[in-house]
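First the structure, in the form of structure tokens, and then the observations on it.
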Amino acid sequence: MSPPGQPLRLAVLISGTGSNLKTLIDARAEGRLDIDLVLVISNRADAPGLAHARAANIPVEVISPHDLAPGQLEDEAVGARLEAARPDLVLLSGYMRILGAPLVEAFHGRMINQHPSLLPRHKGLDTYQRALDAGDRNHGASVHFVTAELDGGPVITQASVPVLPGDNATRLAARLRPVEHRLLIATVELFTRGRVRLDSDTVRLDDKALNQPLDLTDALRSS
Ligand code: GRF
């Protein structure tokens, strides 16, 4: 994915707090992840996560649908900034905009998304409450390749936490959050080592087809 010996060039799109972005910044600073954070894009100028990017001297672009010139398409603006930054990999990390098929296809196999559920369960929003309402015994997080189908692309990795008696959405989210952070680091590390790729619609890990998502729950517990 990145040329051998070179850090993985990673661009991150956010809309909110950016705790996952912060986790990446820290892992890079501590020498745990061989990445170069080349660009952070947000659709919101007030996204708190932008402060993490600026503090780490990562180039930041705010591309808000409200600020575009008449006739300028949001996806074209995002695509142009991404192309200029030459990322090996693009991460959607709590990015609350839906990208159109042309942009997604331009980055086929080079764009991943984090989602707080065990996909294909609970695509979309409010995943914690929906897991509780469904009586799920486990809830979790996924990292998947992005396709034009929302939260529907091939899943690479997952990790889960138990749903406990008396849980509410806030408690469940707090339990999952650190696991999701570690899952992201572990997944990006697979890319830095050139171990994972998308072959048509099949995820390949170490050149073998993944028939189901790689479950890192136990590996992350002991890491
Ligand atoms: C994460 O839970 C991610 O799975 C979802 O949005 C959240 C982003 O959190 N897509 P943060 O902005 O990184 O704190």
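Chain labels A, B, ... are given in the sequence in which chains occur in the structure tokens; within each chain residues are numbered consecutively from 1, and ligands are likewise numbered from 1 in the order shown.
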
Near ligand 1, 6 Å: chain A residue rows, closest pairs, only C-alpha atoms and all ligand atoms, as a Markdown table:
| residue | atom | partner | partner_atom_place_in_ligand_line | distance |
| --- | --- | --- | --- | --- |
| A:Gly16 | CA | ligand 1 | 12 (O) | 4.4 |
| A:Thr17 | CA | ligand 1 | 12 (O) | 3.9 |
| A:Gly18 | CA | ligand 1 | 12 (O) | 3.5 |
| A:Ser19 | CA | ligand 1 | 14 (O) | 3.6 |
| A:Asn20 | CA | ligand 1 | 13 (O) | 3.7 |
| A:Leu21 | CA | ligand 1 | 13 (O) | 5.8 |
| A:Ser93 | CA | ligand 1 | 10 (N) | 5.3 |
| A:Gly94 | CA | ligand 1 | 6 (O) | 3.3 |
| A:Gln114 | CA | ligand 1 | 4 (O) | 4.5 |
| A:His115 | CA | ligand 1 | 4 (O) | 3.8 |
| A:Pro116 | CA | ligand 1 | 4 (O) | 4.2 |

Output N, CA, C and O atoms for every residue in the selection just made, as a compact mmCIF listing (two decimals), in the first residue's frame.
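Output below, filename again_6.txt:
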# COMPACT_ATOMS: atom_id res chain seq x y z
N GLY A 16 -16.68 15.28 14.56
CA GLY A 16 -16.98 15.47 15.97
C GLY A 16 -15.77 15.57 16.87
O GLY A 16 -14.81 16.30 16.58
N THR A 17 -15.79 14.76 17.93
CA THR A 17 -14.78 14.92 18.98
C THR A 17 -13.40 14.45 18.57
O THR A 17 -12.40 14.89 19.14
N GLY A 18 -13.32 13.52 17.63
CA GLY A 18 -12.01 13.11 17.14
C GLY A 18 -11.19 12.32 18.14
O GLY A 18 -9.95 12.36 18.09
N SER A 19 -11.86 11.57 19.01
CA SER A 19 -11.07 10.78 19.97
C SER A 19 -10.28 9.68 19.25
O SER A 19 -9.18 9.32 19.66
N ASN A 20 -10.83 9.17 18.16
CA ASN A 20 -10.08 8.17 17.39
C ASN A 20 -8.88 8.80 16.69
O ASN A 20 -7.80 8.21 16.64
N LEU A 21 -9.09 10.01 16.16
CA LEU A 21 -7.96 10.73 15.55
C LEU A 21 -6.86 10.94 16.59
O LEU A 21 -5.67 10.75 16.30
N SER A 93 -13.87 8.75 10.12
CA SER A 93 -13.84 8.53 11.57
C SER A 93 -14.88 9.43 12.22
O SER A 93 -14.57 10.54 12.64
N GLY A 94 -16.11 8.94 12.23
CA GLY A 94 -17.19 9.78 12.75
C GLY A 94 -17.50 10.92 11.80
O GLY A 94 -17.90 12.00 12.24
N GLN A 114 -15.00 3.53 10.32
CA GLN A 114 -15.23 2.91 11.63
C GLN A 114 -16.71 2.99 11.93
O GLN A 114 -17.32 4.04 11.72
N HIS A 115 -17.24 1.91 12.46
CA HIS A 115 -18.66 1.94 12.81
C HIS A 115 -18.86 1.26 14.16
O HIS A 115 -18.35 0.15 14.37
N PRO A 116 -19.64 1.90 15.06
CA PRO A 116 -19.79 1.32 16.40
C PRO A 116 -20.90 0.27 16.48
O PRO A 116 -21.87 0.43 17.21

Test item: residues at most 7 Å from stretch 95-111 of chain A, only C-alpha atoms, excluding those fewer than 3 positions along its chain, as a PyMOL selection string:
chain A and resi 13-15+75+79+88-92+145-148+197-198

From the set A:Gly124, A:Gly152, A:Gly71, A:Gly135, which residue has the shortest atom-to-atom contact distance to A:Pro165, counting only C-alpha atoms?
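The shortest atom-to-atom distance to A:Pro165 comes from A:Gly135.
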
As a ChimeraX atom specification, which residues of stretch 41-194 of chain A does DSSP assign to helix (DSSP H, G or I)?
/A:49-55,65-67,74-85,101-106,127-133,169-192

Pick out the residues sitting within 9 Å of A:Asn168, and hand them over as a list in words; count only C-alpha atoms, and ignore anything fewer than 3 positions along from it in its own chain.
Tyr128, Gln129, Leu132, Arg171, Leu172 and Ala173 of chain A

Now that the selection is made, can you save its residues with C-alpha atoms as a compact mmCIF listing (two decimals), in the first residue's frame?
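As written to disk, out-v1.txt reads:
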# COMPACT_ATOMS: atom_id res chain seq x y z
CA TYR A 128 -25.94 1.45 21.29
CA GLN A 129 -29.62 1.96 22.00
CA LEU A 132 -29.95 -2.70 23.90
CA ARG A 171 -22.56 3.11 29.76
CA LEU A 172 -22.33 0.76 26.79
CA ALA A 173 -20.67 3.46 24.66

I want to know what sits within 9 Å of stretch 22-25 of chain A, based on only C-alpha atoms, with residues of the same chain fewer than 6 positions away left out; could you give that as a list in words?
Leu33, Ile35, Leu37, Gly49, His52, Ala53, Ala56, His181, Arg182, Leu184, Ile185 and Val188 of chain A

Can you write just those residues out, N, CA and C atoms, as a PDB file, in the first residue's frame?
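As written to disk, part.pdb reads:
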ATOM      1  N   LEU A  33       2.986   3.330  15.592  1.00  0.00           N
ATOM      2  CA  LEU A  33       2.276   3.195  14.321  1.00  0.00           C
ATOM      3  C   LEU A  33       3.029   3.982  13.259  1.00  0.00           C
ATOM      4  N   ILE A  35       2.779   5.780  10.549  1.00  0.00           N
ATOM      5  CA  ILE A  35       1.883   6.538   9.672  1.00  0.00           C
ATOM      6  C   ILE A  35       2.355   7.985   9.579  1.00  0.00           C
ATOM      7  N   LEU A  37       0.229  11.374   9.091  1.00  0.00           N
ATOM      8  CA  LEU A  37      -1.124  11.945   8.997  1.00  0.00           C
ATOM      9  C   LEU A  37      -1.045  13.158   8.075  1.00  0.00           C
ATOM     10  N   GLY A  49     -12.544  17.875  17.355  1.00  0.00           N
ATOM     11  CA  GLY A  49     -11.390  17.064  16.948  1.00  0.00           C
ATOM     12  C   GLY A  49     -10.358  17.840  16.151  1.00  0.00           C
ATOM     13  N   HIS A  52      -7.128  18.672  17.968  1.00  0.00           N
ATOM     14  CA  HIS A  52      -6.095  17.629  18.047  1.00  0.00           C
ATOM     15  C   HIS A  52      -5.189  17.702  16.816  1.00  0.00           C
ATOM     16  N   ALA A  53      -5.815  17.891  15.646  1.00  0.00           N
ATOM     17  CA  ALA A  53      -5.029  17.943  14.405  1.00  0.00           C
ATOM     18  C   ALA A  53      -4.109  19.163  14.411  1.00  0.00           C
ATOM     19  N   ALA A  56      -1.130  18.929  16.567  1.00  0.00           N
ATOM     20  CA  ALA A  56      -0.110  18.001  16.054  1.00  0.00           C
ATOM     21  C   ALA A  56       0.427  18.471  14.701  1.00  0.00           C
ATOM     22  N   HIS A 181     -10.936   2.245  20.013  1.00  0.00           N
ATOM     23  CA  HIS A 181      -9.655   2.905  19.758  1.00  0.00           C
ATOM     24  C   HIS A 181      -8.555   1.872  19.474  1.00  0.00           C
ATOM     25  N   ARG A 182      -8.518   0.832  20.280  1.00  0.00           N
ATOM     26  CA  ARG A 182      -7.466  -0.181  20.071  1.00  0.00           C
ATOM     27  C   ARG A 182      -7.712  -0.941  18.764  1.00  0.00           C
ATOM     28  N   LEU A 184      -8.988   0.296  16.089  1.00  0.00           N
ATOM     29  CA  LEU A 184      -8.541   1.162  14.992  1.00  0.00           C
ATOM     30  C   LEU A 184      -7.021   1.077  14.822  1.00  0.00           C
ATOM     31  N   ILE A 185      -6.307   1.178  15.924  1.00  0.00           N
ATOM     32  CA  ILE A 185      -4.839   1.117  15.838  1.00  0.00           C
ATOM     33  C   ILE A 185      -4.400  -0.221  15.240  1.00  0.00           C
ATOM     34  N   VAL A 188      -5.258  -0.239  11.434  1.00  0.00           N
ATOM     35  CA  VAL A 188      -4.357   0.606  10.631  1.00  0.00           C
ATOM     36  C   VAL A 188      -2.967  -0.036  10.577  1.00  0.00           C
TER      37      VAL A 188
END

Suppose you want the space between atom CA of A:Ala47 and atom CA of A:Arg130; what is it in Å?
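Calculated distance between atom CA of A:Ala47 and atom CA of A:Arg130 is 25.6 Å.
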
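Residues in contact with A:His139 at up to 8 Å, not including ones fewer than 4 positions away on its chain and judged by only C-alpha atoms, are Ser117, Leu118, Tyr128, Ala131, Ser160, Val161, Pro162, Val163 and Leu176 of chain A.
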
Would you output that residue set with N, CA, C and O atoms, as a JSON list (two decimals), in the first residue's frame?
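What landed in again-v1.json:
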[["chain", "number", "residue", "atom", "x", "y", "z"],
["A", 117, "SER", "N", -20.73, -0.80, 15.72],
["A", 117, "SER", "CA", -21.60, -1.97, 15.87],
["A", 117, "SER", "C", -20.90, -3.15, 15.23],
["A", 117, "SER", "O", -19.91, -2.99, 14.51],
["A", 118, "LEU", "N", -21.44, -4.32, 15.51],
["A", 118, "LEU", "CA", -20.91, -5.54, 14.89],
["A", 118, "LEU", "C", -21.64, -5.72, 13.56],
["A", 118, "LEU", "O", -22.63, -6.45, 13.47],
["A", 128, "TYR", "N", -25.95, 1.98, 19.91],
["A", 128, "TYR", "CA", -25.94, 1.45, 21.29],
["A", 128, "TYR", "C", -27.36, 1.17, 21.76],
["A", 128, "TYR", "O", -27.66, 0.09, 22.29],
["A", 131, "ALA", "N", -28.84, -1.79, 19.97],
["A", 131, "ALA", "CA", -28.33, -3.07, 20.47],
["A", 131, "ALA", "C", -29.04, -3.45, 21.77],
["A", 131, "ALA", "O", -29.42, -4.61, 21.98],
["A", 160, "SER", "N", -15.61, -6.88, 20.29],
["A", 160, "SER", "CA", -16.88, -6.74, 21.00],
["A", 160, "SER", "C", -16.68, -6.60, 22.50],
["A", 160, "SER", "O", -15.62, -6.92, 23.05],
["A", 161, "VAL", "N", -17.72, -6.09, 23.14],
["A", 161, "VAL", "CA", -17.79, -6.01, 24.60],
["A", 161, "VAL", "C", -19.13, -6.62, 25.01],
["A", 161, "VAL", "O", -20.08, -6.61, 24.22],
["A", 162, "PRO", "N", -19.23, -7.12, 26.25],
["A", 162, "PRO", "CA", -20.52, -7.65, 26.69],
["A", 162, "PRO", "C", -21.50, -6.54, 27.00],
["A", 162, "PRO", "O", -21.10, -5.45, 27.42],
["A", 163, "VAL", "N", -22.78, -6.82, 26.77],
["A", 163, "VAL", "CA", -23.84, -5.95, 27.28],
["A", 163, "VAL", "C", -24.16, -6.45, 28.68],
["A", 163, "VAL", "O", -24.40, -7.64, 28.87],
["A", 176, "LEU", "N", -17.34, 0.50, 25.23],
["A", 176, "LEU", "CA", -16.83, 0.16, 23.90],
["A", 176, "LEU", "C", -15.72, 1.11, 23.43],
["A", 176, "LEU", "O", -14.81, 0.69, 22.71]]

Taking only C-alpha atoms into account, which of A:Pro178, A:Gly166, A:Pro154, A:Pro87 comes nearest A:Arg204?
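Result for the nearest residue to A:Arg204: A:Pro154.
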
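What separates atom CA of A:Pro4 from atom CA of A:Arg195 is a distance of 12.3 Å.
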
In Å to one decimal, how far is atom CA of A:Val196 from atom CA of A:Ile112?
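Value for the atom CA of A:Ile112-atom CA of A:Val196 distance: 11.7 Å.
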
Residue nearest A:Phe191 among A:Leu150, A:Ala134, A:Leu205, A:His66 (counting only C-alpha atoms)
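Checking each candidate against A:Phe191, we get A:Leu205 as the closest.
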